[in-house]
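Written below as structure tokens is the structure these notes are about.
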Amino acid sequence: VEGKDNILQQSQERMAAMANKKAVDMLDKNDLIVICGAGGFIAGALTRYFHQQGFARIRAIDKKPLPQWYQVVPGVESLCMDLSEKDNAVQACRGAREVYNLAADMGGMGFIERFRVECLRSVLINTHLTEAAYRAGVERYFFSSSACAYNVQLQKDPNVRALKESDAYPAMAERGYGWEKLFSEMVCQEYWHERGLKTAIARFHNVYGPFGTWDGGREKAPAAICRKVIEAKDTGRMDIEIWGDGSQTRSFMYIDDCVLGIDMITHCDKLTAVPINLGSCELISINTLVDLVEQIAGVKLQRRYNLNAPRGVAGRNSDNTFIKQMLSWEPTTPFKTGLTKTYQWIEQQYYDRKAGRRTVS
């Protein structure tokens, strides 16, 4: 029996190794990789990820001026262009073998509930980029979707059932941002089925980590809570405002898991044009998030609940059955481990700003 178990385990490991192909297994180091939205958090990390693997030709693009990029990777072609304009999309894709579209106007719940038109306009980016990628002969095209594409009727309870990929239909996505993602997924699917552009689609679940937005209105819950706790310690005002009643639940994925997942999903042929969850399945309430940040900071704060503030759906979690089936992998960084690193980075940013030094915001 033990021998059979070992054979089965070895077989599963071989299958996983075959499934988990990455860019380094399939590309020449001189092939051109284009990363859109590279001035932002996730795409900036993805740019660094590919650069560290030795890819010599990376074109990083964002509409923000270069000094406002979260990360500028030395040796990377960094361009300032608005990809919602067709001509810029064409220029971006020229000569590329792979294109990664992570460009979008988005932020935390406060942003996407208030600026729905800006979120919807991101559909122009994907529409122009898919056509430009197809015409340029791009081999693989990745689109960053979101768990906001899921039916909101399934997310009314903090003790929510984890969302599986089929739960996007019947469609009732989050207004603005969620509908843009759902439509853009369909564009990617049709470009594969009708025109043969090999597309990959990952539905992100709340990505967090260092080099992300932590102030200014676009930050998500982990960064916002870290900043608020740091401010409370620094000012001596030992209280914290929490949006909603704190019972809302989410899963949060650490940035290192995210970029690895993007790479594996993009290079898994069985996932071509198939939306898939990319997120942790560790469900955390906002109150628990505050507890953890307080533990990391070594403080205890008085909580004030703002019931009129944006709060989003009551609960959202990632069902990882499908990604484990396809890749024999799922995001594994424990939330407190990633949160500790995030808190330490934001704390450094906070005091650097206070000292007048340039920071990521």
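In the structure tokens, each chain is lettered A, B, ... as it comes, each chain's residues begin at 1, and ligands are numbered from 1 in order of appearance.
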Report the closest atom pair, with its distance in Å rounded to one decimal, for each residue of segment 236-312 of chain A that has an atom no farther than 12 Å from segment 157-166 of chain A; count only C-alpha atoms, sort by chain and then rising residue number, and write it as CSV.
residue,atom,partner,partner_atom,distance
A:Asp245,CA,A:Pro158,CA,11.2
A:Gly246,CA,A:Pro158,CA,9.9
A:Ser247,CA,A:Pro158,CA,6.4
A:Gln248,CA,A:Pro158,CA,5.4
A:Thr249,CA,A:Pro158,CA,5.3
A:Arg250,CA,A:Pro158,CA,8.4
A:Ser251,CA,A:Ala162,CA,9.7
A:Val274,CA,A:Glu165,CA,9.2
A:Pro275,CA,A:Glu165,CA,6.9
A:Ile276,CA,A:Glu165,CA,6.1
A:Asn277,CA,A:Glu165,CA,6.6
A:Leu278,CA,A:Glu165,CA,10.4
A:Gly279,CA,A:Leu163,CA,10.7
A:Ser280,CA,A:Ala162,CA,10.5
A:Cys281,CA,A:Ala162,CA,7.7
A:Glu282,CA,A:Ala162,CA,10.0
A:Leu283,CA,A:Asn159,CA,8.8
A:Ile284,CA,A:Pro158,CA,9.6
A:Ser285,CA,A:Pro158,CA,7.8
A:Ile286,CA,A:Pro158,CA,10.2
A:Asn287,CA,A:Pro158,CA,11.7
A:Arg311,CA,A:Pro158,CA,11.8
A:Gly312,CA,A:Pro158,CA,11.2
Quick one: write out the picked residues with N, CA, C and O atoms as a PDB file, in the first residue's frame?
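Result file is selection.pdb:
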ATOM      1  N   ASP A 245     -19.865  48.122  10.256  1.00  0.00           N
ATOM      2  CA  ASP A 245     -19.902  47.650  11.649  1.00  0.00           C
ATOM      3  C   ASP A 245     -18.775  46.668  11.966  1.00  0.00           C
ATOM      4  O   ASP A 245     -18.734  46.108  13.074  1.00  0.00           O
ATOM      5  N   GLY A 246     -17.877  46.456  11.009  1.00  0.00           N
ATOM      6  CA  GLY A 246     -16.730  45.586  11.243  1.00  0.00           C
ATOM      7  C   GLY A 246     -16.989  44.117  11.009  1.00  0.00           C
ATOM      8  O   GLY A 246     -16.066  43.298  11.079  1.00  0.00           O
ATOM      9  N   SER A 247     -18.235  43.761  10.719  1.00  0.00           N
ATOM     10  CA  SER A 247     -18.563  42.350  10.517  1.00  0.00           C
ATOM     11  C   SER A 247     -18.288  41.888   9.086  1.00  0.00           C
ATOM     12  O   SER A 247     -18.289  40.683   8.810  1.00  0.00           O
ATOM     13  N   GLN A 248     -18.080  42.848   8.155  1.00  0.00           N
ATOM     14  CA  GLN A 248     -17.837  42.489   6.765  1.00  0.00           C
ATOM     15  C   GLN A 248     -16.627  41.549   6.673  1.00  0.00           C
ATOM     16  O   GLN A 248     -15.635  41.726   7.381  1.00  0.00           O
ATOM     17  N   THR A 249     -16.703  40.578   5.783  1.00  0.00           N
ATOM     18  CA  THR A 249     -15.623  39.607   5.643  1.00  0.00           C
ATOM     19  C   THR A 249     -15.070  39.622   4.224  1.00  0.00           C
ATOM     20  O   THR A 249     -15.788  39.873   3.267  1.00  0.00           O
ATOM     21  N   ARG A 250     -13.775  39.344   4.132  1.00  0.00           N
ATOM     22  CA  ARG A 250     -13.073  39.233   2.853  1.00  0.00           C
ATOM     23  C   ARG A 250     -11.942  38.219   2.992  1.00  0.00           C
ATOM     24  O   ARG A 250     -11.521  37.879   4.095  1.00  0.00           O
ATOM     25  N   SER A 251     -11.428  37.767   1.852  1.00  0.00           N
ATOM     26  CA  SER A 251     -10.140  37.073   1.850  1.00  0.00           C
ATOM     27  C   SER A 251      -9.128  38.018   1.223  1.00  0.00           C
ATOM     28  O   SER A 251      -9.460  38.807   0.344  1.00  0.00           O
ATOM     29  N   VAL A 274     -10.475  30.904 -19.804  1.00  0.00           N
ATOM     30  CA  VAL A 274     -11.294  30.360 -18.715  1.00  0.00           C
ATOM     31  C   VAL A 274     -11.087  31.207 -17.460  1.00  0.00           C
ATOM     32  O   VAL A 274      -9.997  31.170 -16.864  1.00  0.00           O
ATOM     33  N   PRO A 275     -12.054  31.986 -17.017  1.00  0.00           N
ATOM     34  CA  PRO A 275     -11.889  32.767 -15.787  1.00  0.00           C
ATOM     35  C   PRO A 275     -11.633  31.858 -14.586  1.00  0.00           C
ATOM     36  O   PRO A 275     -12.268  30.806 -14.440  1.00  0.00           O
ATOM     37  N   ILE A 276     -10.711  32.285 -13.730  1.00  0.00           N
ATOM     38  CA  ILE A 276     -10.353  31.477 -12.575  1.00  0.00           C
ATOM     39  C   ILE A 276     -10.079  32.379 -11.378  1.00  0.00           C
ATOM     40  O   ILE A 276      -9.532  33.475 -11.522  1.00  0.00           O
ATOM     41  N   ASN A 277     -10.477  31.929 -10.204  1.00  0.00           N
ATOM     42  CA  ASN A 277     -10.195  32.669  -8.979  1.00  0.00           C
ATOM     43  C   ASN A 277      -8.701  32.690  -8.703  1.00  0.00           C
ATOM     44  O   ASN A 277      -8.011  31.666  -8.839  1.00  0.00           O
ATOM     45  N   LEU A 278      -8.209  33.847  -8.294  1.00  0.00           N
ATOM     46  CA  LEU A 278      -6.851  33.968  -7.788  1.00  0.00           C
ATOM     47  C   LEU A 278      -6.939  34.742  -6.479  1.00  0.00           C
ATOM     48  O   LEU A 278      -7.041  35.970  -6.461  1.00  0.00           O
ATOM     49  N   GLY A 279      -6.964  34.001  -5.392  1.00  0.00           N
ATOM     50  CA  GLY A 279      -7.128  34.624  -4.080  1.00  0.00           C
ATOM     51  C   GLY A 279      -6.916  33.619  -2.976  1.00  0.00           C
ATOM     52  O   GLY A 279      -6.894  32.405  -3.200  1.00  0.00           O
ATOM     53  N   SER A 280      -6.764  34.119  -1.779  1.00  0.00           N
ATOM     54  CA  SER A 280      -6.695  33.272  -0.595  1.00  0.00           C
ATOM     55  C   SER A 280      -8.103  32.827  -0.208  1.00  0.00           C
ATOM     56  O   SER A 280      -9.082  33.507  -0.515  1.00  0.00           O
ATOM     57  N   CYS A 281      -8.198  31.686   0.457  1.00  0.00           N
ATOM     58  CA  CYS A 281      -9.497  31.247   0.968  1.00  0.00           C
ATOM     59  C   CYS A 281      -9.581  31.433   2.482  1.00  0.00           C
ATOM     60  O   CYS A 281     -10.478  30.903   3.140  1.00  0.00           O
ATOM     61  N   GLU A 282      -8.663  32.231   3.044  1.00  0.00           N
ATOM     62  CA  GLU A 282      -8.656  32.524   4.487  1.00  0.00           C
ATOM     63  C   GLU A 282      -9.576  33.717   4.743  1.00  0.00           C
ATOM     64  O   GLU A 282      -9.212  34.862   4.497  1.00  0.00           O
ATOM     65  N   LEU A 283     -10.775  33.455   5.239  1.00  0.00           N
ATOM     66  CA  LEU A 283     -11.791  34.490   5.421  1.00  0.00           C
ATOM     67  C   LEU A 283     -11.502  35.300   6.689  1.00  0.00           C
ATOM     68  O   LEU A 283     -11.340  34.735   7.768  1.00  0.00           O
ATOM     69  N   ILE A 284     -11.473  36.636   6.546  1.00  0.00           N
ATOM     70  CA  ILE A 284     -11.115  37.534   7.639  1.00  0.00           C
ATOM     71  C   ILE A 284     -12.177  38.624   7.754  1.00  0.00           C
ATOM     72  O   ILE A 284     -12.522  39.267   6.764  1.00  0.00           O
ATOM     73  N   SER A 285     -12.684  38.869   8.962  1.00  0.00           N
ATOM     74  CA  SER A 285     -13.590  39.998   9.152  1.00  0.00           C
ATOM     75  C   SER A 285     -12.779  41.274   9.339  1.00  0.00           C
ATOM     76  O   SER A 285     -11.591  41.233   9.693  1.00  0.00           O
ATOM     77  N   ILE A 286     -13.416  42.406   9.107  1.00  0.00           N
ATOM     78  CA  ILE A 286     -12.727  43.684   9.302  1.00  0.00           C
ATOM     79  C   ILE A 286     -12.343  43.857  10.773  1.00  0.00           C
ATOM     80  O   ILE A 286     -11.254  44.366  11.086  1.00  0.00           O
ATOM     81  N   ASN A 287     -13.203  43.429  11.673  1.00  0.00           N
ATOM     82  CA  ASN A 287     -12.845  43.495  13.096  1.00  0.00           C
ATOM     83  C   ASN A 287     -11.602  42.658  13.400  1.00  0.00           C
ATOM     84  O   ASN A 287     -10.727  43.072  14.176  1.00  0.00           O
ATOM     85  N   ARG A 311     -19.084  50.299   2.412  1.00  0.00           N
ATOM     86  CA  ARG A 311     -18.701  49.046   3.063  1.00  0.00           C
ATOM     87  C   ARG A 311     -18.698  47.867   2.110  1.00  0.00           C
ATOM     88  O   ARG A 311     -18.186  46.790   2.432  1.00  0.00           O
ATOM     89  N   GLY A 312     -19.270  48.022   0.920  1.00  0.00           N
ATOM     90  CA  GLY A 312     -19.282  46.925  -0.039  1.00  0.00           C
ATOM     91  C   GLY A 312     -20.206  45.807   0.370  1.00  0.00           C
ATOM     92  O   GLY A 312     -21.085  45.970   1.223  1.00  0.00           O
TER      93      GLY A 312
END
Self-check item: Nearby residues (only C-alpha atoms) at most 10 Å from Lys233 of chain A, same-chain spacing under 6 positions excluded, as a PyMOL selection string
Solution: chain A and resi 227+239+297-301
Export N, CA, C and O atoms of the chosen residues as a PDB file, in the first residue's frame?
ATOM      1  N   ARG A 227      -2.450  52.070   8.169  1.00  0.00           N
ATOM      2  CA  ARG A 227      -2.160  53.503   8.242  1.00  0.00           C
ATOM      3  C   ARG A 227      -2.859  54.148   9.432  1.00  0.00           C
ATOM      4  O   ARG A 227      -2.268  54.959  10.161  1.00  0.00           O
ATOM      5  N   ASP A 239      -7.686  56.072  18.980  1.00  0.00           N
ATOM      6  CA  ASP A 239      -8.949  55.546  18.481  1.00  0.00           C
ATOM      7  C   ASP A 239      -8.835  55.336  16.981  1.00  0.00           C
ATOM      8  O   ASP A 239      -7.884  55.780  16.342  1.00  0.00           O
ATOM      9  N   ALA A 297       1.175  46.123  15.977  1.00  0.00           N
ATOM     10  CA  ALA A 297       1.606  47.452  16.430  1.00  0.00           C
ATOM     11  C   ALA A 297       1.813  47.520  17.934  1.00  0.00           C
ATOM     12  O   ALA A 297       2.447  48.468  18.426  1.00  0.00           O
ATOM     13  N   GLY A 298       1.265  46.567  18.669  1.00  0.00           N
ATOM     14  CA  GLY A 298       1.397  46.587  20.124  1.00  0.00           C
ATOM     15  C   GLY A 298       0.537  47.634  20.795  1.00  0.00           C
ATOM     16  O   GLY A 298       0.955  48.242  21.795  1.00  0.00           O
ATOM     17  N   VAL A 299      -0.663  47.875  20.260  1.00  0.00           N
ATOM     18  CA  VAL A 299      -1.578  48.868  20.838  1.00  0.00           C
ATOM     19  C   VAL A 299      -2.984  48.286  20.906  1.00  0.00           C
ATOM     20  O   VAL A 299      -3.286  47.254  20.302  1.00  0.00           O
ATOM     21  N   LYS A 300      -3.844  48.986  21.645  1.00  0.00           N
ATOM     22  CA  LYS A 300      -5.269  48.667  21.676  1.00  0.00           C
ATOM     23  C   LYS A 300      -6.012  49.986  21.532  1.00  0.00           C
ATOM     24  O   LYS A 300      -5.807  50.914  22.320  1.00  0.00           O
ATOM     25  N   LEU A 301      -6.888  50.077  20.521  1.00  0.00           N
ATOM     26  CA  LEU A 301      -7.539  51.338  20.200  1.00  0.00           C
ATOM     27  C   LEU A 301      -9.036  51.282  20.467  1.00  0.00           C
ATOM     28  O   LEU A 301      -9.651  50.212  20.409  1.00  0.00           O
TER      29      LEU A 301
END
Quiz item: What's the 7 Å shell around segment 53-60 of chain A, counting only C-alpha atoms, without same-chain residues fewer than 3 positions away, as a PyMOL selection string?
Solution: chain A and resi 29-36+38+49-50+76-79
Same residues, all heavy atoms, output as a compact mmCIF listing (two decimals), in the first residue's frame:
# COMPACT_ATOMS: atom_id res chain seq x y z
N LYS A 29 14.63 34.69 -23.16
CA LYS A 29 14.84 35.84 -22.27
C LYS A 29 14.84 37.17 -23.03
O LYS A 29 14.73 38.23 -22.43
CB LYS A 29 16.14 35.68 -21.48
CG LYS A 29 16.10 34.55 -20.45
CD LYS A 29 15.11 34.83 -19.34
CE LYS A 29 15.04 33.70 -18.32
NZ LYS A 29 16.25 33.56 -17.51
N ASN A 30 14.96 37.11 -24.37
CA ASN A 30 14.93 38.33 -25.18
C ASN A 30 13.56 38.60 -25.80
O ASN A 30 13.41 39.57 -26.54
CB ASN A 30 16.00 38.26 -26.28
CG ASN A 30 17.40 38.39 -25.72
OD1 ASN A 30 17.67 39.28 -24.92
ND2 ASN A 30 18.30 37.50 -26.13
N ASP A 31 12.58 37.75 -25.53
CA ASP A 31 11.22 38.02 -25.99
C ASP A 31 10.68 39.25 -25.25
O ASP A 31 10.95 39.45 -24.06
CB ASP A 31 10.31 36.82 -25.72
CG ASP A 31 10.57 35.67 -26.68
OD1 ASP A 31 11.02 35.93 -27.80
OD2 ASP A 31 10.33 34.51 -26.29
N LEU A 32 9.87 40.03 -25.96
CA LEU A 32 9.33 41.25 -25.36
C LEU A 32 8.06 40.95 -24.56
O LEU A 32 7.08 40.39 -25.09
CB LEU A 32 9.01 42.28 -26.45
CG LEU A 32 8.35 43.59 -25.97
CD1 LEU A 32 9.24 44.34 -24.98
CD2 LEU A 32 8.01 44.47 -27.17
N ILE A 33 8.07 41.31 -23.28
CA ILE A 33 6.92 41.21 -22.39
C ILE A 33 6.41 42.63 -22.13
O ILE A 33 7.18 43.51 -21.73
CB ILE A 33 7.29 40.54 -21.06
CG1 ILE A 33 7.73 39.09 -21.29
CG2 ILE A 33 6.12 40.58 -20.07
CD1 ILE A 33 8.26 38.40 -20.04
N VAL A 34 5.11 42.85 -22.36
CA VAL A 34 4.50 44.16 -22.12
C VAL A 34 3.61 44.07 -20.88
O VAL A 34 2.76 43.18 -20.79
CB VAL A 34 3.68 44.62 -23.33
CG1 VAL A 34 2.92 45.90 -23.02
CG2 VAL A 34 4.59 44.83 -24.53
N ILE A 35 3.81 44.99 -19.94
CA ILE A 35 3.03 45.01 -18.71
C ILE A 35 2.32 46.35 -18.61
O ILE A 35 2.97 47.40 -18.49
CB ILE A 35 3.92 44.75 -17.47
CG1 ILE A 35 4.63 43.40 -17.62
CG2 ILE A 35 3.08 44.78 -16.20
CD1 ILE A 35 5.61 43.08 -16.52
N CYS A 36 1.00 46.31 -18.66
CA CYS A 36 0.17 47.52 -18.67
C CYS A 36 -0.35 47.81 -17.27
O CYS A 36 -0.80 46.90 -16.57
CB CYS A 36 -1.00 47.34 -19.64
SG CYS A 36 -0.47 46.88 -21.31
N ALA A 38 1.78 49.34 -15.15
CA ALA A 38 2.99 49.02 -14.38
C ALA A 38 3.35 50.07 -13.34
O ALA A 38 4.21 49.83 -12.49
CB ALA A 38 4.16 48.81 -15.33
N TYR A 49 9.08 41.07 -10.84
CA TYR A 49 9.12 39.61 -10.84
C TYR A 49 9.77 39.09 -12.13
O TYR A 49 10.68 38.25 -12.09
CB TYR A 49 7.68 39.09 -10.70
CG TYR A 49 7.47 37.62 -10.93
CD1 TYR A 49 7.68 36.68 -9.92
CD2 TYR A 49 7.01 37.16 -12.17
CE1 TYR A 49 7.45 35.33 -10.14
CE2 TYR A 49 6.78 35.81 -12.39
CZ TYR A 49 6.99 34.91 -11.37
OH TYR A 49 6.76 33.56 -11.59
N PHE A 50 9.32 39.58 -13.29
CA PHE A 50 9.88 39.11 -14.56
C PHE A 50 11.32 39.60 -14.74
O PHE A 50 12.17 38.87 -15.26
CB PHE A 50 9.01 39.58 -15.72
CG PHE A 50 7.77 38.76 -15.91
CD1 PHE A 50 6.53 39.36 -16.09
CD2 PHE A 50 7.83 37.37 -15.92
CE1 PHE A 50 5.38 38.62 -16.27
CE2 PHE A 50 6.69 36.60 -16.10
CZ PHE A 50 5.45 37.22 -16.28
N VAL A 76 14.27 48.49 -17.36
CA VAL A 76 12.98 48.23 -18.01
C VAL A 76 12.57 49.47 -18.82
O VAL A 76 12.74 50.60 -18.35
CB VAL A 76 11.90 47.89 -16.96
CG1 VAL A 76 10.50 47.91 -17.57
CG2 VAL A 76 12.19 46.53 -16.33
N GLU A 77 12.05 49.26 -20.01
CA GLU A 77 11.53 50.36 -20.82
C GLU A 77 10.22 50.84 -20.19
O GLU A 77 9.21 50.14 -20.23
CB GLU A 77 11.27 49.88 -22.25
CG GLU A 77 10.69 50.95 -23.16
CD GLU A 77 10.24 50.41 -24.52
OE1 GLU A 77 10.18 49.18 -24.69
OE2 GLU A 77 9.93 51.24 -25.40
N SER A 78 10.23 52.01 -19.60
CA SER A 78 9.08 52.52 -18.87
C SER A 78 8.47 53.69 -19.65
O SER A 78 9.14 54.71 -19.86
CB SER A 78 9.49 52.98 -17.47
OG SER A 78 10.02 51.89 -16.73
N LEU A 79 7.21 53.54 -20.05
CA LEU A 79 6.55 54.52 -20.89
C LEU A 79 5.32 55.09 -20.20
O LEU A 79 4.58 54.36 -19.53
CB LEU A 79 6.11 53.88 -22.21
CG LEU A 79 7.21 53.23 -23.06
CD1 LEU A 79 6.61 52.58 -24.30
CD2 LEU A 79 8.28 54.25 -23.45
Self-check item: Nearest residue to Arg97 of chain A from the set A:Leu66, A:Met172, A:Val290, A:Leu197 (distances using only C-alpha atoms)
Solution: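 Of A:Leu66, A:Met172, A:Val290, A:Leu197, the one nearest Arg97 of chain A is A:Leu197, counting only C-alpha atoms.
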Quiz item: What lies within 9 Å of Gly176 of chain A using only C-alpha atoms, ignoring chain neighbours under 6 positions off, as number ranges by chain?
Solution: A: 112-113, 115-121
Quiz prompt | Residues flagged alpha helix (DSSP H) by DSSP in segment 86-246 of chain A, as a ChimeraX atom specification | solution = /A:86-93,109-114,116-120,123-136,177-195,221-235
Quiz item: Of the candidates A:Gln295, A:Glu347, A:Lys270, A:Glu231, which shows the shortest atom-to-atom distance to Gln325 of chain A, using only C-alpha atoms?
Solution: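 Result for the nearest residue to Gln325 of chain A: A:Lys270.
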Self-check item: Nearest candidate to Ser144 of chain A (options A:Asn88, A:Gln71, A:Thr266, A:Asn308; using only C-alpha atoms)
Solution: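 Going through A:Asn88, A:Gln71, A:Thr266, A:Asn308 one by one, the smallest distance to Ser144 of chain A is for A:Thr266.
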Self-check item: For Lys156 of chain A: contacts at 9 Å, only C-alpha atoms, fewer than 5 positions along chain excluded, given as JSON, numbers by chain
Solution: {"A": [313, 314, 315, 316]}
Quiz prompt | Distance criterion (only C-alpha atoms): nearest to Phe183 of chain A out of A:Asn206, A:Gln52, A:Asn306, A:Thr127 | solution =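 The shortest atom-to-atom distance to Phe183 of chain A comes from A:Thr127.
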Quiz item: Counting only C-alpha atoms, which of A:Val293, A:Val152, A:Ala43, A:Leu182 gets nearest to Ala232 of chain A?
Solution: A:Val293
Quiz item: So, counting only C-alpha atoms, which residue among A:Thr332, A:Pro210, A:Ile323, A:Cys268 is closest to Ile346 of chain A?
Solution: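 Using only C-alpha atoms, the shortest distance to Ile346 of chain A belongs to A:Pro210.
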Quiz item: What lies within 12 Å of Lys341 of chain A using only C-alpha atoms, ignoring chain neighbours under 2 positions off, as a list in words?
Solution: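 Those residues are Tyr208, Gly209, Pro210, Phe211, Gly212, Pro222, Ala223, Cys226, Tyr254, Ile255, Asp256, Val293, Ile296, Ala297, Thr333, Pro334, Phe335, Lys336, Thr337, Gly338, Leu339, Tyr343, Gln344, Trp345, Ile346, Glu347 and Gln348 of chain A.
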Self-check item: segment 351-361 of chain A surroundings by only C-alpha atoms, 7 Å radius, close-in-sequence under 5 positions cut, as a PyMOL selection string
Solution: chain A and resi 70+211+213-216
Quiz item: What gap, in Å, lies between atom CA of Thr199 of chain A and atom CA of Asn126 of chain A?
Solution: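 Answer for the atom CA of Thr199 of chain A to atom CA of Asn126 of chain A separation: 11.8 Å.
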